[in-house]
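Student: Next comes input_23.txt, compact mmCIF, C-alpha atoms:
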# COMPACT_ATOMS: atom_id res chain seq x y z
CA MET A 232 -108.22 19.03 -89.97
CA GLN A 233 -108.41 16.68 -92.90
CA ALA A 234 -110.59 14.30 -90.97
CA MET A 235 -112.83 17.03 -89.68
CA SER A 236 -113.67 18.24 -93.13
CA THR A 237 -115.05 14.86 -94.03
CA VAL A 238 -118.73 15.18 -93.45
CA THR A 239 -121.20 12.51 -94.32
CA LEU A 240 -123.87 14.24 -96.32
CA PRO A 241 -127.36 12.86 -96.04
CA ALA A 242 -128.50 11.12 -99.21
CA PRO A 243 -130.45 13.60 -101.35
CA ALA A 244 -134.12 13.28 -100.58
CA PRO A 245 -135.83 11.51 -103.47
CA VAL A 246 -137.88 13.94 -105.55
CA ASP A 247 -141.56 13.11 -105.27
CA LYS A 248 -142.87 11.50 -108.41
CA ARG A 249 -145.54 13.87 -109.62
CA LEU A 250 -148.09 13.67 -112.41
CA PRO A 251 -148.50 17.15 -113.95
CA GLY A 252 -152.03 18.50 -113.99
CA ASP A 253 -155.25 16.76 -113.07
CA LEU A 254 -155.55 12.97 -112.84
CA ALA A 255 -158.84 13.18 -114.79
CA ILE A 256 -157.21 14.79 -117.84
CA TRP A 257 -154.80 11.85 -118.05
CA PHE A 258 -157.63 9.34 -118.13
CA PHE A 259 -159.27 11.47 -120.84
CA ILE A 260 -155.98 11.56 -122.80
CA LEU A 261 -155.67 7.78 -122.45
CA ALA A 262 -159.19 7.29 -123.84
CA GLU A 263 -158.42 9.59 -126.77
CA LEU A 264 -155.14 7.80 -127.47
CA LEU A 265 -156.89 4.42 -127.50
CA ALA A 266 -159.53 5.70 -129.94
CA PHE A 267 -156.78 6.93 -132.27
CA ALA A 268 -154.85 3.66 -131.83
CA VAL A 269 -157.91 1.82 -133.19
CA PHE A 270 -158.10 4.28 -136.12
CA PHE A 271 -154.39 3.98 -136.91
CA ALA A 272 -154.51 0.17 -136.78
CA THR A 273 -157.69 0.07 -138.88
CA TYR A 274 -156.00 2.27 -141.50
CA ALA A 275 -152.87 0.09 -141.55
CA PHE A 276 -154.80 -3.19 -141.83
CA ALA A 277 -157.22 -1.78 -144.43
CA ARG A 278 -154.16 -0.73 -146.41
CA ALA A 279 -152.80 -4.30 -146.27
CA SER A 280 -155.74 -5.42 -148.40
CA HIS A 281 -155.67 -2.35 -150.72
CA VAL A 282 -151.91 -1.79 -151.04
CA GLU A 283 -151.92 -0.61 -154.66
CA GLU A 284 -154.82 1.80 -154.14
CA PHE A 285 -153.28 3.26 -150.97
CA ASN A 286 -149.84 3.65 -152.58
CA LEU A 287 -151.33 5.29 -155.66
CA TYR A 288 -153.55 7.85 -153.94
CA GLN A 289 -151.07 8.59 -151.16
CA GLN A 290 -148.99 10.18 -153.94
CA THR A 291 -151.71 12.83 -154.39
CA LEU A 292 -151.30 14.09 -150.81
CA ASP A 293 -149.22 17.21 -150.19
CA ARG A 294 -146.31 15.92 -148.10
CA ASN A 295 -144.84 19.42 -147.82
CA LEU A 296 -147.99 20.72 -146.12
CA GLY A 297 -148.13 17.62 -143.91
CA ALA A 298 -144.53 18.18 -142.80
CA LEU A 299 -145.12 21.93 -142.32
CA ASN A 300 -148.08 21.10 -140.10
CA THR A 301 -145.90 18.74 -138.05
CA LEU A 302 -143.43 21.58 -137.48
CA LEU A 303 -146.29 23.90 -136.48
CA LEU A 304 -147.75 21.48 -133.91
CA ILE A 305 -144.32 20.65 -132.44
CA THR A 306 -143.49 24.34 -132.12
CA GLY A 307 -146.95 25.05 -130.70
CA SER A 308 -146.35 22.36 -128.09
CA TRP A 309 -142.95 23.80 -127.29
CA PHE A 310 -144.39 27.28 -126.66
CA VAL A 311 -146.90 25.77 -124.23
CA VAL A 312 -144.03 23.95 -122.46
CA ARG A 313 -142.37 27.35 -122.15
CA ALA A 314 -145.58 28.73 -120.62
CA VAL A 315 -145.65 25.91 -118.05
CA GLN A 316 -141.94 26.40 -117.25
CA ALA A 317 -142.53 30.15 -116.85
CA ALA A 318 -145.35 29.44 -114.39
CA HIS A 319 -143.12 27.08 -112.41
CA ARG A 320 -140.43 29.71 -111.98
CA ASP A 321 -143.15 32.22 -111.05
CA ASP A 322 -142.53 34.37 -114.14
CA ILE A 323 -146.23 35.17 -114.40
CA GLN A 324 -145.71 37.77 -117.16
CA ALA A 325 -144.18 35.20 -119.53
CA VAL A 326 -147.09 32.75 -119.33
CA PRO A 327 -149.77 34.44 -121.51
CA PRO A 328 -147.52 35.32 -124.51
CA ASN A 329 -146.25 31.75 -124.73
CA ILE A 330 -149.79 30.37 -124.61
CA LEU A 331 -150.72 32.83 -127.35
CA LEU A 332 -147.78 31.73 -129.53
CA GLY A 333 -148.82 28.10 -129.04
CA TRP A 334 -152.37 29.06 -130.06
CA LEU A 335 -151.08 30.83 -133.18
CA CYS A 336 -149.18 27.67 -134.21
CA GLY A 337 -152.46 25.76 -133.86
CA ALA A 338 -154.22 28.40 -135.98
CA GLY A 339 -151.45 28.04 -138.56
CA PHE A 340 -152.07 24.29 -138.61
CA LEU A 341 -155.79 24.84 -139.25
CA VAL A 342 -155.14 27.34 -142.05
CA VAL A 343 -152.73 24.93 -143.80
CA LYS A 344 -155.23 22.09 -143.39
CA VAL A 345 -158.07 24.18 -144.83
CA PHE A 346 -155.94 24.91 -147.92
CA GLU A 347 -155.14 21.21 -148.19
CA TYR A 348 -158.81 20.21 -147.89
CA ALA A 349 -159.88 22.93 -150.35
CA ALA A 350 -157.48 21.53 -152.96
CA LYS A 351 -158.77 17.98 -152.41
CA PHE A 352 -162.47 18.84 -152.28
CA GLY A 353 -161.99 21.22 -155.25
CA ALA A 354 -160.67 18.24 -157.22
CA GLY A 355 -163.96 16.47 -156.49
CA ILE A 356 -162.51 14.13 -153.86
CA SER A 357 -164.83 13.04 -151.07
CA MET A 358 -165.20 10.33 -148.44
CA SER A 359 -166.91 8.11 -151.00
CA THR A 360 -164.20 8.46 -153.70
CA ASN A 361 -162.32 5.39 -152.45
CA THR A 362 -161.12 3.63 -149.30
CA PHE A 363 -157.88 5.59 -149.12
CA TYR A 364 -159.57 9.00 -149.26
CA MET A 365 -162.23 7.81 -146.83
CA PHE A 366 -159.44 7.12 -144.32
CA TYR A 367 -157.45 10.24 -145.22
CA ILE A 368 -160.43 12.54 -144.75
CA SER A 369 -161.88 10.90 -141.63
CA LEU A 370 -158.55 10.45 -139.82
CA THR A 371 -157.25 13.95 -140.53
CA PHE A 372 -160.64 15.54 -139.85
CA PHE A 373 -161.01 13.72 -136.51
CA HIS A 374 -157.57 15.04 -135.61
CA PHE A 375 -158.53 18.53 -136.94
CA MET A 376 -161.42 18.60 -134.43
CA HIS A 377 -158.94 17.81 -131.65
CA VAL A 378 -156.73 20.72 -132.71
CA ILE A 379 -159.80 22.97 -132.45
CA LEU A 380 -160.63 21.64 -128.98
CA GLY A 381 -156.99 22.14 -127.96
CA MET A 382 -157.19 25.75 -129.13
CA VAL A 383 -160.40 26.32 -127.16
CA ILE A 384 -158.55 25.04 -124.08
CA LEU A 385 -155.57 27.31 -124.84
CA THR A 386 -157.96 30.28 -125.18
CA VAL A 387 -159.34 29.61 -121.68
CA LEU A 388 -155.81 29.17 -120.31
CA TRP A 389 -154.72 32.45 -121.92
CA PHE A 390 -157.55 34.42 -120.27
CA GLN A 391 -156.81 32.80 -116.91
CA ALA A 392 -153.07 33.41 -117.29
CA ARG A 393 -153.67 37.09 -118.06
CA ASN A 394 -155.44 37.33 -114.72
CA GLY A 395 -152.32 35.90 -113.13
CA ALA A 396 -153.93 32.55 -112.34
CA TYR A 397 -150.80 30.51 -113.05
CA GLY A 398 -147.55 30.80 -111.17
CA GLY A 399 -145.31 28.93 -108.80
CA HIS A 400 -148.25 28.63 -106.39
CA ASN A 401 -150.58 27.00 -108.89
CA ALA A 402 -149.97 25.66 -112.36
CA HIS A 403 -152.38 22.75 -112.14
CA GLY A 404 -154.96 23.93 -114.69
CA LEU A 405 -152.24 25.10 -117.05
CA GLU A 406 -150.49 21.71 -116.84
CA SER A 407 -153.75 19.87 -117.57
CA GLY A 408 -154.48 21.94 -120.68
CA ALA A 409 -150.85 21.65 -121.78
CA ALA A 410 -150.99 17.84 -121.51
CA TYR A 411 -154.01 17.77 -123.82
CA TRP A 412 -152.26 20.07 -126.31
CA HIS A 413 -149.21 17.79 -126.33
CA MET A 414 -151.48 14.81 -127.01
CA VAL A 415 -152.74 16.54 -130.17
CA ASP A 416 -149.09 16.91 -131.20
CA LEU A 417 -148.29 13.28 -130.31
CA LEU A 418 -151.17 12.01 -132.47
CA TRP A 419 -150.03 14.00 -135.51
CA ILE A 420 -146.47 12.68 -135.06
CA VAL A 421 -147.86 9.18 -135.78
CA LEU A 422 -150.53 10.27 -138.28
CA PHE A 423 -148.22 12.22 -140.61
CA PRO A 424 -145.77 9.39 -141.48
CA LEU A 425 -148.56 6.79 -141.48
CA VAL A 426 -150.93 8.52 -143.91
CA TYR A 427 -148.59 10.82 -145.90
CA VAL A 428 -145.25 9.02 -146.17
CA MET A 429 -145.13 5.31 -145.30
CA ARG A 430 -145.46 3.02 -148.30
CA MET U 165 -127.58 29.04 -127.12
CA ILE U 166 -125.65 26.36 -125.23
CA ALA U 167 -127.39 27.37 -122.01
CA ALA U 168 -130.78 27.02 -123.72
CA LEU U 169 -129.93 23.43 -124.66
CA ARG U 170 -129.59 22.53 -120.96
CA ASN U 171 -133.37 22.74 -120.91
CA SER U 172 -134.58 19.27 -121.96
CA ALA U 173 -137.70 20.73 -123.61
CA HIS U 174 -135.56 22.97 -125.85
CA ARG U 175 -133.35 20.00 -126.78
CA ALA U 176 -136.47 17.95 -127.55
CA TRP U 177 -137.79 20.73 -129.81
CA VAL U 178 -134.55 20.75 -131.85
CA VAL U 179 -134.57 16.94 -132.25
CA LEU U 180 -138.27 16.96 -133.15
CA MET U 181 -137.76 19.57 -135.89
CA VAL U 182 -134.78 17.70 -137.38
CA ALA U 183 -136.58 14.33 -137.18
CA THR U 184 -139.60 15.80 -139.00
CA GLY U 185 -137.26 16.97 -141.76
CA LEU U 186 -135.86 13.44 -141.95
CA THR U 187 -139.31 11.87 -142.43
CA TRP U 188 -140.14 14.50 -145.06
CA TYR U 189 -136.84 13.73 -146.84
CA LEU U 190 -137.58 9.97 -146.87
CA GLY U 191 -140.86 10.84 -148.58
CA GLU U 192 -139.10 13.11 -151.10
CA VAL U 193 -136.67 10.39 -152.20
CA GLY U 194 -139.53 7.93 -152.49
CA ALA U 195 -138.28 5.61 -149.75
CA ALA U 196 -140.50 2.53 -149.65
CA GLY U 197 -140.49 -1.04 -148.41
CA THR U 198 -139.30 -2.70 -145.23
CA TRP U 199 -136.32 -0.54 -144.30
CA ALA U 200 -138.19 2.70 -145.04
CA ILE U 201 -141.16 1.65 -142.92
CA VAL U 202 -138.93 0.57 -140.05
CA ALA U 203 -136.94 3.83 -140.29
CA MET U 204 -140.08 6.01 -140.30
CA LEU U 205 -141.64 4.10 -137.41
CA ALA U 206 -138.37 4.39 -135.46
CA ILE U 207 -138.31 8.16 -136.09
CA ALA U 208 -141.98 8.49 -135.04
CA PHE U 209 -141.23 6.43 -131.92
CA VAL U 210 -138.30 8.65 -130.90
CA LYS U 211 -140.38 11.77 -131.54
CA GLY U 212 -143.39 10.47 -129.64
CA ARG U 213 -141.20 9.52 -126.71
CA LEU U 214 -139.68 13.01 -126.55
CA VAL U 215 -143.18 14.55 -126.49
CA ILE U 216 -144.24 12.15 -123.71
CA LEU U 217 -141.13 12.58 -121.56
CA ASP U 218 -140.05 16.20 -122.15
CA PHE U 219 -143.22 18.03 -123.24
CA MET U 220 -145.82 16.15 -121.17
CA GLU U 221 -143.20 15.98 -118.39
CA LEU U 222 -143.82 12.31 -117.66
CA ARG U 223 -140.10 11.61 -117.11
CA GLU U 224 -140.56 12.42 -113.42
CA ALA U 225 -144.12 11.13 -113.20
CA PRO U 226 -145.28 7.95 -111.45
CA MET U 227 -144.08 4.94 -113.42
CA MET U 228 -147.60 3.79 -114.25
CA TRP U 229 -148.32 6.83 -116.41
CA ARG U 230 -145.00 6.64 -118.19
CA VAL U 231 -145.62 2.97 -118.94
CA LEU U 232 -149.18 3.66 -120.14
CA LEU U 233 -148.16 6.38 -122.61
CA GLU U 234 -144.93 4.80 -123.80
CA GLY U 235 -146.84 1.52 -123.98
CA TRP U 236 -149.39 3.19 -126.25
CA LEU U 237 -146.58 4.27 -128.54
CA ILE U 238 -145.13 0.73 -128.63
CA LEU U 239 -148.61 -0.75 -129.24
CA VAL U 240 -149.40 1.61 -132.12
CA SER U 241 -145.96 1.18 -133.74
CA SER U 242 -146.19 -2.62 -133.45
CA LEU U 243 -149.67 -2.78 -134.98
CA ILE U 244 -148.61 -0.56 -137.89
CA LEU U 245 -145.45 -2.63 -138.39
CA LEU U 246 -147.47 -5.85 -138.33
CA ALA U 247 -149.97 -4.53 -140.88
CA TYR U 248 -147.20 -3.33 -143.21
CA TRP U 249 -145.34 -6.62 -142.80
CA ILE U 250 -148.52 -8.48 -143.84
CA SER U 251 -148.86 -6.15 -146.86
CA LEU U 252 -145.29 -6.89 -147.97
CA LYS U 253 -145.79 -10.65 -147.97
Output the file's structure in the form of structure tokens.
Tutor:
Amino acid sequence: MQAMSTVTLPAPAPVDKRLPGDLAIWFFILAELLAFAVFFATYAFARASHVEEFNLYQQTLDRNLGALNTLLLITGSWFVVRAVQAAHRDDIQAVPPNILLGWLCGAGFLVVKVFEYAAKFGAGISMSTNTFYMFYISLTFFHFMHVILGMVILTVLWFQARNGAYGGHNAHGLESGAAYWHMVDLLWIVLFPLVYVMR
Amino acid sequence: MIAALRNSAHRAWVVLMVATGLTWYLGEVGAAGTWAIVAMLAIAFVKGRLVILDFMELREAPMMWRVLLEGWLILVSSLILLAYWISLK
């Protein structure tokens, strides 16, 4: 009996390696990441020749708002992950509210950023004030535009999801949009310490 | 609560929130210089990797895409580290 119960189980079939979403969106993400890599490196090397100026004016940035915005983007990303996971387990009802919550986190980010810009511009600061502010404004604004594009994508996904477009049968479009949204988060994760904190 | 933490994305979210608080705290105490820069870059690297692997779901993706995105993170961190190292000399 003992011997009979010994059954050689077949090795578990290897799970197919799968890239979520569309291949094209990943090439687009890669291009965006490279553009930002150039910006980040340019900032860091420009700083190396203006250390005192960068250290001085970095102090005028609102670190609390920068950190709050990091929390908002991370949480926004997490809600979109929840939407994708809901689609995968065919819980079609749970997809749109999670996309909406992710969108609201993005909107929160924009509101915080507008307050931050208003305070800076109100103080008479502009791109031409000095090298540090030129980088601060252009880097954060370039990222700001990406948050807006991400939110446009989430809006489209939300409408599609409400029509039941995403479920276990098909989550391709949702995964593509989600990947872009996570990229926006990834960029801010580098941008926040680099521009607001590191000295 | 414990069941929720079996989901790698939920775990990642918790670590990402705490790590953000850590970077904010380093700023509050005025951390500066070599160790502070290395610490902040290390935190950003861990956070970026969690987004790539658990949010973008590249943990189970073809190796090429994992290497490309994690490679980007290594490239950016290295360039920033190099520039800050030059500035400290």
Student: Pull the closest atom pair for each residue of chain A that gets at most 8 Å from chain U, along with the distance in Å to one decimal, counting all atoms listed in the file, ordering rows by chain and then ascending residue number, as a tab-separated table.
Tutor:
residue	atom	partner	partner_atom	distance
A:Lys248	CA	U:Ala225	CA	5.0
A:Arg249	CA	U:Ala225	CA	4.7
A:Leu250	CA	U:Ala225	CA	4.8
A:Pro251	CA	U:Glu221	CA	7.0
A:Leu261	CA	U:Leu233	CA	7.6
A:Leu264	CA	U:Trp236	CA	7.5
A:Leu265	CA	U:Trp236	CA	7.7
A:Ala268	CA	U:Val240	CA	5.8
A:Phe271	CA	U:Val240	CA	7.3
A:Ala272	CA	U:Leu243	CA	5.9
A:Ala275	CA	U:Ala247	CA	5.5
A:Phe276	CA	U:Ala247	CA	5.1
A:Arg278	CA	U:Ser251	CA	7.6
A:Ala279	CA	U:Ser251	CA	4.4
A:Ser280	CA	U:Ser251	CA	7.1
A:Val282	CA	U:Ser251	CA	6.8
A:Arg294	CA	U:Trp188	CA	7.0
A:Asn295	CA	U:Trp188	CA	7.3
A:Ala298	CA	U:Trp188	CA	6.2
A:Thr301	CA	U:Thr184	CA	7.0
A:Leu302	CA	U:Met181	CA	6.2
A:Ile305	CA	U:Trp177	CA	7.0
A:Thr306	CA	U:Trp177	CA	7.1
A:Ser308	CA	U:Phe219	CA	7.2
A:Trp309	CA	U:Trp177	CA	6.5
A:Val312	CA	U:Phe219	CA	6.0
A:Ala409	CA	U:Met220	CA	7.5
A:Ala410	CA	U:Met220	CA	5.4
A:His413	CA	U:Met220	CA	6.4
A:Asp416	CA	U:Val215	CA	7.9
A:Leu417	CA	U:Gly212	CA	5.7
A:Ile420	CA	U:Ala208	CA	6.1
A:Val421	CA	U:Ala208	CA	6.0
A:Pro424	CA	U:Met204	CA	6.7
A:Val428	CA	U:Gly191	CA	5.3
A:Met429	CA	U:Ile201	CA	5.9
A:Arg430	CA	U:Ala196	CA	5.2
Student: Hey, can you spit out that residue selection with C-alpha atoms as a tab-separated table (two decimals), keeping the file's coordinate frame?
Tutor:
chain	number	residue	atom	x	y	z
A	248	LYS	CA	-142.87	11.50	-108.41
A	249	ARG	CA	-145.54	13.87	-109.62
A	250	LEU	CA	-148.09	13.67	-112.41
A	251	PRO	CA	-148.50	17.15	-113.95
A	261	LEU	CA	-155.67	7.78	-122.45
A	264	LEU	CA	-155.14	7.80	-127.47
A	265	LEU	CA	-156.89	4.42	-127.50
A	268	ALA	CA	-154.85	3.66	-131.83
A	271	PHE	CA	-154.39	3.98	-136.91
A	272	ALA	CA	-154.51	0.17	-136.78
A	275	ALA	CA	-152.87	0.09	-141.55
A	276	PHE	CA	-154.80	-3.19	-141.83
A	278	ARG	CA	-154.16	-0.73	-146.41
A	279	ALA	CA	-152.80	-4.30	-146.27
A	280	SER	CA	-155.74	-5.42	-148.40
A	282	VAL	CA	-151.91	-1.79	-151.04
A	294	ARG	CA	-146.31	15.92	-148.10
A	295	ASN	CA	-144.84	19.42	-147.82
A	298	ALA	CA	-144.53	18.18	-142.80
A	301	THR	CA	-145.90	18.74	-138.05
A	302	LEU	CA	-143.43	21.58	-137.48
A	305	ILE	CA	-144.32	20.65	-132.44
A	306	THR	CA	-143.49	24.34	-132.12
A	308	SER	CA	-146.35	22.36	-128.09
A	309	TRP	CA	-142.95	23.80	-127.29
A	312	VAL	CA	-144.03	23.95	-122.46
A	409	ALA	CA	-150.85	21.65	-121.78
A	410	ALA	CA	-150.99	17.84	-121.51
A	413	HIS	CA	-149.21	17.79	-126.33
A	416	ASP	CA	-149.09	16.91	-131.20
A	417	LEU	CA	-148.29	13.28	-130.31
A	420	ILE	CA	-146.47	12.68	-135.06
A	421	VAL	CA	-147.86	9.18	-135.78
A	424	PRO	CA	-145.77	9.39	-141.48
A	428	VAL	CA	-145.25	9.02	-146.17
A	429	MET	CA	-145.13	5.31	-145.30
A	430	ARG	CA	-145.46	3.02	-148.30
Student: State, in Å with one decimal place, the distance from atom CA of A:Ser407 to atom CA of A:Leu299.
Tutor: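 Interatomic distance here is 26.3 Å.
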Student: One decimal, Å: what's the distance from atom CA of A:Ser359 over to atom CA of A:Val415, could you say?
Tutor: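 About the pair atom CA of A:Ser359 and atom CA of A:Val415: they are 26.6 Å apart.
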Student: Give me, as a list of chain:residue names, all polymer residues having an atom no more than 7 Å from A:Gly333, counting only C-alpha atoms and skipping those fewer than 3 positions away in the same chain.
Tutor: A:Gly307, A:Ser308, A:Phe310, A:Val311, A:Asn329, A:Ile330, A:Cys336, A:Gly337
Student: What does the distance between atom CA of U:Glu234 and atom CA of A:Leu296 come to in Å, to one decimal place?
Tutor: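 Spanning atom CA of U:Glu234 to atom CA of A:Leu296 is a straight-line distance of 27.6 Å.
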